[in-house]
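Reviewing the structure listed below.
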There are 8 protein chains.
Amino acid sequence: MDRDDVRKLLEGVRVGSLTPDEVLEHLARAPVEDLGHTALDAHRAVRAGVPEVIYGAGKTGPQVVDIARALLARGQSVLATRLDEAKGPFVRDALGPDATWHPVAGVLVARRGPAPVPVGCIGVVSAGTSDAPVAEEARVVAEALGNHVLRIEDVGIAGVHRVLARLGDLRACRVVVVVAGMDGALPGLVAGLVRAPVVAVPTSVGYGASFQGLAALLTMLNACAPGVSVVNIDNGFGAAYQASRINRAGEGA
Amino acid sequence: MDRDDVRKLLEGVRVGSLTPDEVLEHLARAPVEDLGHTALDAHRAVRAGVPEVIYGAGKTGPQVVDIARALLARGQSVLATRLDEAKGPFVRDALGPDATWHPVAGVLVARRGPAPVPVGCIGVVSAGTSDAPVAEEARVVAEALGNHVLRIEDVGIAGVHRVLARLGDLRACRVVVVVAGMDGALPGLVAGLVRAPVVAVPTSVGYGASFQGLAALLTMLNACAPGVSVVNIDNGFGAAYQASRINRAGEGA
Amino acid sequence: MDRDDVRKLLEGVRVGSLTPDEVLEHLARAPVEDLGHTALDAHRAVRAGVPEVIYGAGKTGPQVVDIARALLARGQSVLATRLDEAKGPFVRDALGPDATWHPVAGVLVARRGPAPVPVGCIGVVSAGTSDAPVAEEARVVAEALGNHVLRIEDVGIAGVHRVLARLGDLRACRVVVVVAGMDGALPGLVAGLVRAPVVAVPTSVGYGASFQGLAALLTMLNACAPGVSVVNIDNGFGAAYQASRINRAGEGA
Amino acid sequence: MDRDDVRKLLEGVRVGSLTPDEVLEHLARAPVEDLGHTALDAHRAVRAGVPEVIYGAGKTGPQVVDIARALLARGQSVLATRLDEAKGPFVRDALGPDATWHPVAGVLVARRGPAPVPVGCIGVVSAGTSDAPVAEEARVVAEALGNHVLRIEDVGIAGVHRVLARLGDLRACRVVVVVAGMDGALPGLVAGLVRAPVVAVPTSVGYGASFQGLAALLTMLNACAPGVSVVNIDNGFGAAYQASRINRAGEGA
Amino acid sequence: MDRDDVRKLLEGVRVGSLTPDEVLEHLARAPVEDLGHTALDAHRAVRAGVPEVIYGAGKTGPQVVDIARALLARGQSVLATRLDEAKGPFVRDALGPDATWHPVAGVLVARRGPAPVPVGCIGVVSAGTSDAPVAEEARVVAEALGNHVLRIEDVGIAGVHRVLARLGDLRACRVVVVVAGMDGALPGLVAGLVRAPVVAVPTSVGYGASFQGLAALLTMLNACAPGVSVVNIDNGFGAAYQASRINRAGEGA
Amino acid sequence: MDRDDVRKLLEGVRVGSLTPDEVLEHLARAPVEDLGHTALDAHRAVRAGVPEVIYGAGKTGPQVVDIARALLARGQSVLATRLDEAKGPFVRDALGPDATWHPVAGVLVARRGPAPVPVGCIGVVSAGTSDAPVAEEARVVAEALGNHVLRIEDVGIAGVHRVLARLGDLRACRVVVVVAGMDGALPGLVAGLVRAPVVAVPTSVGYGASFQGLAALLTMLNACAPGVSVVNIDNGFGAAYQASRINRAGEGA
Amino acid sequence: MDRDDVRKLLEGVRVGSLTPDEVLEHLARAPVEDLGHTALDAHRAVRAGVPEVIYGAGKTGPQVVDIARALLARGQSVLATRLDEAKGPFVRDALGPDATWHPVAGVLVARRGPAPVPVGCIGVVSAGTSDAPVAEEARVVAEALGNHVLRIEDVGIAGVHRVLARLGDLRACRVVVVVAGMDGALPGLVAGLVRAPVVAVPTSVGYGASFQGLAALLTMLNACAPGVSVVNIDNGFGAAYQASRINRAGEGA
Amino acid sequence: MDRDDVRKLLEGVRVGSLTPDEVLEHLARAPVEDLGHTALDAHRAVRAGVPEVIYGAGKTGPQVVDIARALLARGQSVLATRLDEAKGPFVRDALGPDATWHPVAGVLVARRGPAPVPVGCIGVVSAGTSDAPVAEEARVVAEALGNHVLRIEDVGIAGVHRVLARLGDLRACRVVVVVAGMDGALPGLVAGLVRAPVVAVPTSVGYGASFQGLAALLTMLNACAPGVSVVNIDNGFGAAYQASRINRAGEGA
């Protein structure tokens, strides 16, 4: 409900087609409907330009299906994250042929209407095989949000020349998501080599004193090279979402 | 030293104007010169498109002056941060009329050649009066890097309607830097209201359990609204630098 | 055993119906009886005005049943928390038709005598579906302690207008319990919008750097808006108990 | 700006005394004015029922004076906290005879109009001499917000009988603020003895492993006795504000 | 191998019954034998006055049996801790009728020779039912080490009068072990009421912000009442061992 | 006020020399008097067998003098800790010739009546020169509480043979206080060599990752050798007080 | 690809056998090949002098087999760590008779070509039975990297004389790896007794306040005796690798 | 006192020149003398092959002078660290012309006898100007212990090519000390490029979330490249001492 919507309501009062009390009700109730366990905000897609996202970790399979169906019924596309082997196939089968579940990423996409035309370029770089689930979550989400993605796997800091070998590819991206656990040094290295902003994702991979990603998180926040900003541990979704905002800003969107 | 530079050297070998050993020397030595206490990288401005930055916190006034003069002598502009009342005027006076020192921000700018033509728009929002030094550091740095800046002060979460009153301005920015201490909730709130990426800066302002900014940092990393990425505590410079990368990516730069 | 009880004992000494040694014994032993694994305090309900609470997490089903039966046998109502799918139905079935077990909340209520007449109003607001178990624990406990409860679900900070749409309801409450995980920003937002005290409950829901609720806890302790006080992570019971004290204080109870 | 205010504006549109665009402007701009370094919200006193509070820690003396004068000029009373020996007398002298500065508490009060008629009763209990500044901040703030205060000093847990000796007084309060450093055990002890809600304030007083109040904070969050909620370390102001909400809720205010 | 042992060896050299090299070998090898996976120190019982203790947590059942048998074969009594339902009965059955396994405590005792005559008195106080395993570990170990034990269960801080009712018993002890989770306030309370030293054991019982016993640990280290020293979280064994040293010091042992 | 005192009061009621209300007053008020900034408990010395202790860190010199004079006026000896160069001489001079101030320990002792006859033996061992202030606090306090003290300085773990050379002395003590910073390994080493209980005091001495004594604290809590219990960081007073309880328990006091 | 390799390429340009663009391609691509889920660096063995290491923890059995086969196919030996009971035998059987799996260490070694001739001596000392898996990982890795290993088990700090009895053996090593959990004091003790550098490995073994190895880690970083450096918690591999570098440096390798 | 010394004593018993009791005294007393505030171990230089080190941070200037003079009087060289501007010149002047004080490093060296002939090579690399004091402490100490040192300054990770340009020099070292604050990524980078062991020193330099070196410490412990071990924060001395052990092990010393 933006400035224009409110002006229309006020116009209605002016011409007498709406009473002040009706407008008051409208202002209070319009953006929210109720579905029992989750209040749906049907206007959000329009407001923020993205499909509605369902965070699957704290919900049962049937809960996810209910919310997704309600959204699809309004013509809204759905992106559901953190659906593991136990929930993902169940939700996919319940939603039918429009739904695709990506097992490594744990992400499900179900479309209403055509997919957005992809724009720009987001690099998604990961340091090791163990970081793949987080990096894949970032890749699938970034593509679902309408971005071209360049995926580069297993480029660790231990061998600097591996990074240098991929430099041409990295420099073609408008924003680079870098996923790394253990010492988390890769994003700072990449930021020293490219001009694009780097969105860093620490992962919870590592030995004892990695403290479930805390070490990597602190490394990234303290990166010597400027041009790095950080999202939550293991939050591939958040990195992709932020990268999409950055990439599409370059498109005027 | 990019791909083209190396191709030129190789071309020199091919035509016989350079020996392989000369090229080897070139590859090893070209990018770095030595100034005693700081190895200078004169090619960096060209490589990354920005003036050289001097982090003033761990250096004496005379050290900063030495480094700045060496850079200016090569025709390179200089940006020095963390220059407090004790060091800032000293450095400014030593560098002469081209240097400007911003006391609240603690930032000094000294130009060689014309300033870049500013582009796009970076919003710099701060929550309270106490956050001003960090926010001003972000503003001055962002402007020095060639960006238009919209500065909005003292928009705290305690009064949501204050944020809403500035929403039109915020939505005109291509990226928004949000500076906040205490509970650090403002960036998540802003990210729920705009489409642009939000770069969040926690500050060390607050009561005991703010733990010098740790509370705000964690809040921002856990922001419910996607579209937030975070830089280090009190790191206004880092936020501005990252925002400049994002803003200028939208310009094709 | 209050001032009046002691005066009666002293009166007994004065008139000779009690010896000093008998009173000494009385003073030392009266308030506590022994049940083997748990010392029961049968006077507590009278002293604090509430049913006896059994914290079920560290006890076996049969232990809970034993304690509950002993209390019920004295005519005391019982409230048992943290009874999961494995223990809840077992305890309910053992205690018979007076007992009700709430599966989402994990709370069992067994009454002796009529339920208290509910008074006032406690708002119980939760941010997301994943916070429901904690919020439901708060709701069931608050009702069992004799309070009207207004339950509002899934009002997150990401969409500020969702909160605003419910503002009229929130303002009618005498105290508001706000349950939130992730960034924990909702209680501060609510406190900026209502006049009632807000009791904030951080939950352990969230990505890695939520650190099992620590991030939300710190956010709430640092809330910019005054009028927020905080209970332990996931402690829906404690919030409801505190809210009941506040709500009933308004009743002169 | 509440529901009635908006209805009046809409009524203006209906009768033609206001255009829709004028109302739109009103909705966007009304609650906020601008004073340079601090955006003032002149409606807040009306909205939340309290004088405007100035957090003095991050501001210079002249900044506090500017903000206070602007508020007083609108007829609004002012409460400024964290004004130490260096700033307090300066601000008091600048504001003239209406201003009072409390040196132990570090709080300044400047009135416009009569002080509110005090209601109810807030207990303010502190454990040791070293906790006095925080407890005094709570006392002065609570009185300034229109509450009767019962101040009880130096009641530590080491001697339980000291607490018991004051029990009659504590039980007469509608809410009790308990201030304690070191092990922070006092609030739990008090909550086991009274029916009123306890608002606990950890202080940064103690030996090494108190970690500047962290130990006391954790103790309070884990208090065995329900009926305790906690505010930030050393935050006497926040405790008083919350206690005032609780106390005045009992007054129907 | 004490001073007398060495003197005897030197005497042997003096009278020619031992060569210097034989004594050198003796000095290097005497105190340690080898059993494959655990180097046994058969002299330790003599040196420290206690049976050999086997920490069962990091060992398999058969490993515990091997070590225990080797010790028993030398006539040494054995105390094995942290033997859960899976390992305890196995070890007990393997060692035969001399071995007793205490299921709540998870402790096994196997004697060679008569049990020591118990002396003095150690109080073992626990706050709640959930703390019982740790408190029982302390009780069984203290008894096995030759101490009278007074076991008092479920004496929480929430009801101060419960503690007071047991005061006579507590004051008869020469040392008091106090086991508590959650806020860990009980040891400080007890230390304010008795003259004996208090050995405090934090447990990992509690809601989220107890952080697996960290909150209780810090509370105990910061106890306002002097006379409290602390052992590791859940370490009932360590508390009993320390209490035994204190109690038996009073016996001249 | 112990059992006998209460029995006397009850006896007074029985024979009619006291009314029940007078006894009620007595029970409530007797143990506490009021001195303005500190509630004095004049019965404590009798109850706990020790001089009254004043923790000087959070008090001004004149405050300490006031409290000390009030105690001395009742014939009570005084022990004041944490009196640095600024406060110690001031307090000593104000209290006159009976007061002694120990500058390294920062402790002042002022006697009323003869000093207690020292008993038993407390070892006070420190690892390095930098730990001396804490160890001296422990020594002076232990002596003031009526214990013989054996002081052993600068016995670090780096040279094991240094410890072994002092073993005979250590074994003659009934309890050993071990003070250590940095890695805090010394108490575990000593506990493996003596039969007496070891009270460990971590100090805040050390390089960065000592984290102001946290490293030493954790080491001591995890000491492999049983027989170690721990007090707060830098808390020489607490260690001496606990050691005195242990040592005097051996005296039947 | 070292200086000589580059000189050869340049020489190729000089003589016309290579074009500049071919060399550019070479420089960018040579060191890295692609295998789908893991980019292989076939030159690493040559560069760093060691077999390729596969970190098995985050990979499936078949993934480990794929990577190992690709390496073996190039004539490269393989060392795979963190292969538990579930994965180890599977990988060993798949790789055939050249592969050996060490169950306690969880390490698999598969050779191509003869094993290196072992040199020097690395001591691997562990404190208790529970530390064996980490110490065995260190032993197997150190041997696979071409070092003689002296393995000493179960030498705890609780009995200092146990360490002394093994001193002659320890002093014969060129570097000593010391593995310890709980208080982590053993490495500092050993460093005080030998001249060789000590590489310390904290383990996650211990009671609650060991915090999964954090206590041991801090102890080791703060070791009073110089000559200790530390690797990650439970990282037997890293310690062995570092010790091998130190040991072989002594060989001129 | 090594095996040979003890054999000589035993031989003396055998031939009757020493009594057993004299030998006992010898064994107990020989290695330690007493100087009042610091027990000196005059044999240590012989035992460990290094000059005696005085840690100056916790001592007064005169204390350092006393200890140094006593050592020099025995013909022992002295190395004193952490002597700042206030203490360094005082100690140097007191000790006379043999003493040299290095102001950036804060280290004083005073020789007795000729300096050791330097051997091998230790690299000392630092990332930025602010890390210089720690790196200089490492350099001066390493030289004083008899090692050649190659000092490389200001080689940060932000510009990878800077590191590569110095690679030849780094590869000539037998061990490399790498000093870095902020993100602490440099040691892992260096370890990926050289074969020598890397001793990493985190420094306390950085923005807020560096947490006084904790971030750098964790990064180094989690370094992806093996071959890194870590010493305490800011502990340049410890790194140099460890590097000297490694370097001289290569010399057979």
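Going through the structure tokens in order, the chains are called A, B, and so on, while each chain numbers its residues from 1 and the ligands are numbered from 1 in the order shown.
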
Q: Using only C-alpha atoms, determine which residues lie at most 12 Å from Ala73 of chain G, disregarding the query and same-chain residues fewer than 3 positions distant; provide the list as an NGL selection string.
A: :G and (42 or 65-70 or 76-78 or 95 or 110-113)

Q: Per DSSP on the backbone, filter segment 14-223 of chain D down to the residues in helix (DSSP H, G or I) and report them as JSON, numbers by chain.
A: {"D": [14, 15, 20, 21, 22, 23, 24, 25, 26, 27, 28, 29, 44, 45, 46, 47, 48, 61, 62, 63, 64, 65, 66, 67, 68, 69, 70, 71, 72, 73, 88, 89, 90, 91, 92, 93, 94, 95, 129, 130, 131, 132, 133, 134, 135, 136, 137, 138, 139, 140, 141, 142, 143, 144, 160, 161, 162, 163, 164, 165, 167, 168, 169, 170, 171, 186, 187, 188, 189, 190, 191, 208, 209, 210, 211, 212, 213, 214, 215, 216, 217, 218, 219, 220, 221]}

**Q.** Exercise: Gly188 of chain H partners within 7 Å, only C-alpha atoms, chain neighbours under 4 positions left out, as JSON, numbers by chain
**A.** {"A": [158], "H": [192, 220, 223, 224, 225, 228]}

Selection export as a PDB file, in the first residue's frame, atoms kept: N, CA and C atoms:
```
ATOM      1  N   ALA A 158      44.216 -21.698   0.453  1.00  0.00           N
ATOM      2  CA  ALA A 158      45.478 -22.418   0.636  1.00  0.00           C
ATOM      3  C   ALA A 158      46.319 -22.376  -0.639  1.00  0.00           C
TER       4      ALA A 158
ATOM      5  N   GLY H 192      50.690 -21.411   2.688  1.00  0.00           N
ATOM      6  CA  GLY H 192      50.352 -22.046   1.423  1.00  0.00           C
ATOM      7  C   GLY H 192      51.434 -21.840   0.374  1.00  0.00           C
ATOM      8  N   MET H 220      43.757 -17.727  12.677  1.00  0.00           N
ATOM      9  CA  MET H 220      45.025 -18.444  12.548  1.00  0.00           C
ATOM     10  C   MET H 220      44.880 -19.898  12.987  1.00  0.00           C
ATOM     11  N   ALA H 223      43.359 -21.792  10.149  1.00  0.00           N
ATOM     12  CA  ALA H 223      43.941 -21.587   8.828  1.00  0.00           C
ATOM     13  C   ALA H 223      43.741 -22.812   7.944  1.00  0.00           C
ATOM     14  N   CYS H 224      43.241 -22.579   6.740  1.00  0.00           N
ATOM     15  CA  CYS H 224      42.994 -23.683   5.810  1.00  0.00           C
ATOM     16  C   CYS H 224      44.292 -24.387   5.427  1.00  0.00           C
ATOM     17  N   ALA H 225      45.363 -23.613   5.248  1.00  0.00           N
ATOM     18  CA  ALA H 225      46.635 -24.221   4.868  1.00  0.00           C
ATOM     19  C   ALA H 225      47.291 -24.811   6.099  1.00  0.00           C
ATOM     20  N   VAL H 228      50.694 -24.110  10.102  1.00  0.00           N
ATOM     21  CA  VAL H 228      50.610 -22.915  10.941  1.00  0.00           C
ATOM     22  C   VAL H 228      50.384 -23.348  12.387  1.00  0.00           C
TER      23      VAL H 228
END
```

Contacts of Asp93 of chain C within 12 Å, only C-alpha atoms, excl. fewer than 3 positions in-chain, as a PDB file with C-alpha atoms, in the first residue's frame:
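Dumped everything to selection.pdb:
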```pdb
ATOM      1  CA  GLY C  61       6.815 -38.929  33.771  1.00  0.00           C
ATOM      2  CA  PRO C  62       6.200 -40.969  36.940  1.00  0.00           C
ATOM      3  CA  VAL C  65       2.699 -37.805  38.423  1.00  0.00           C
ATOM      4  CA  LYS C  87       5.602 -37.394  28.851  1.00  0.00           C
ATOM      5  CA  GLY C  88       2.499 -35.223  28.430  1.00  0.00           C
ATOM      6  CA  PRO C  89      -0.106 -37.841  27.500  1.00  0.00           C
ATOM      7  CA  PHE C  90       1.285 -40.221  30.113  1.00  0.00           C
ATOM      8  CA  GLY C  96      -7.524 -38.469  35.106  1.00  0.00           C
ATOM      9  CA  PRO C  97     -10.266 -36.261  33.692  1.00  0.00           C
ATOM     10  CA  ASP C  98      -9.324 -33.064  35.589  1.00  0.00           C
ATOM     11  CA  ALA C  99      -6.069 -32.809  33.701  1.00  0.00           C
ATOM     12  CA  THR C 100      -5.624 -31.101  30.333  1.00  0.00           C
ATOM     13  CA  TRP C 101      -2.447 -31.282  28.297  1.00  0.00           C
ATOM     14  CA  LEU C 108      -0.525 -29.603  31.624  1.00  0.00           C
ATOM     15  CA  ALA C 110      -4.978 -30.025  36.598  1.00  0.00           C
TER      16      ALA C 110
END
```

Q. What residues in chain G have any atom no more than 6 Å from chain E when counting only C-alpha atoms, and can you write them as a ChimeraX atom specification?
A. /G:130,154,165,208-209

Q: Would you mind listing what lies within 7 Å of Glu137 of chain E as a ChimeraX atom specification, with only C-alpha atoms counted and same-chain residues fewer than 5 positions away left out?
A: /E:105-107,236-237

Write the residues of the selection above to a file with C-alpha atoms, as a JSON list (two decimals), in the first residue's frame.
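Result file follows (result29.json):
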```
[["chain", "number", "residue", "atom", "x", "y", "z"],
["E", 105, "ALA", "CA", 25.17, -41.37, 40.51],
["E", 106, "GLY", "CA", 26.68, -43.43, 37.67],
["E", 107, "VAL", "CA", 29.44, -44.50, 40.08],
["E", 236, "GLY", "CA", 30.16, -34.00, 41.66],
["E", 237, "PHE", "CA", 33.24, -36.19, 41.90]]
```

Q: Check the DSSP output for the backbone and give back, as a ChimeraX atom specification, the residues of segment 75-164 of chain G in strand (DSSP E).
A: /G:78-81,99-102,107-110,119-126,147-152

Q: To one decimal in Å, tell me the separation between atom CA of Arg195 of chain H and atom CA of Arg171 of chain H.
A: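 Distance between the two atoms: 7.2 Å.
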
Q | Using only C-alpha atoms: which of A:Val124, A:Val141, A:Ala191, A:Leu83 has the shortest distance to Pro51 of chain A | A |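 Once distances to Pro51 of chain A are computed over only C-alpha atoms, the minimum belongs to A:Val141.
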
Q) Please, what distance in Å, to one decimal, runs between atom CA of Thr219 of chain G and atom CA of Ala185 of chain G? A)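 The value is 6.5 Å.
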
Q) Could you state the separation of atom CA of Ala239 of chain D and atom CA of Glu143 of chain D in Å, given to one decimal place? A)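 Computed distance, atom CA of Ala239 of chain D to atom CA of Glu143 of chain D, equals 12.5 Å.
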
Q.
List the spatial neighbours of Val13 of chain H as a PyMOL selection string - criterion: any atom at most 9 Å away, only C-alpha atoms, same-chain residues fewer than 2 positions off excluded.
A. (chain E and resi 10-11+13-14+20) or (chain H and resi 8-11+15-20+23)

Q: Mind checking which residues fall within 12 Å of Ala138 of chain H, counting only C-alpha atoms, ignoring those fewer than 3 positions away in the same chain, and posting them as a PyMOL selection string?
A: chain H and resi 81-82+102+104-107+122-126+131-135+141-145+147+149-151+176-179+199-201+231+234-244
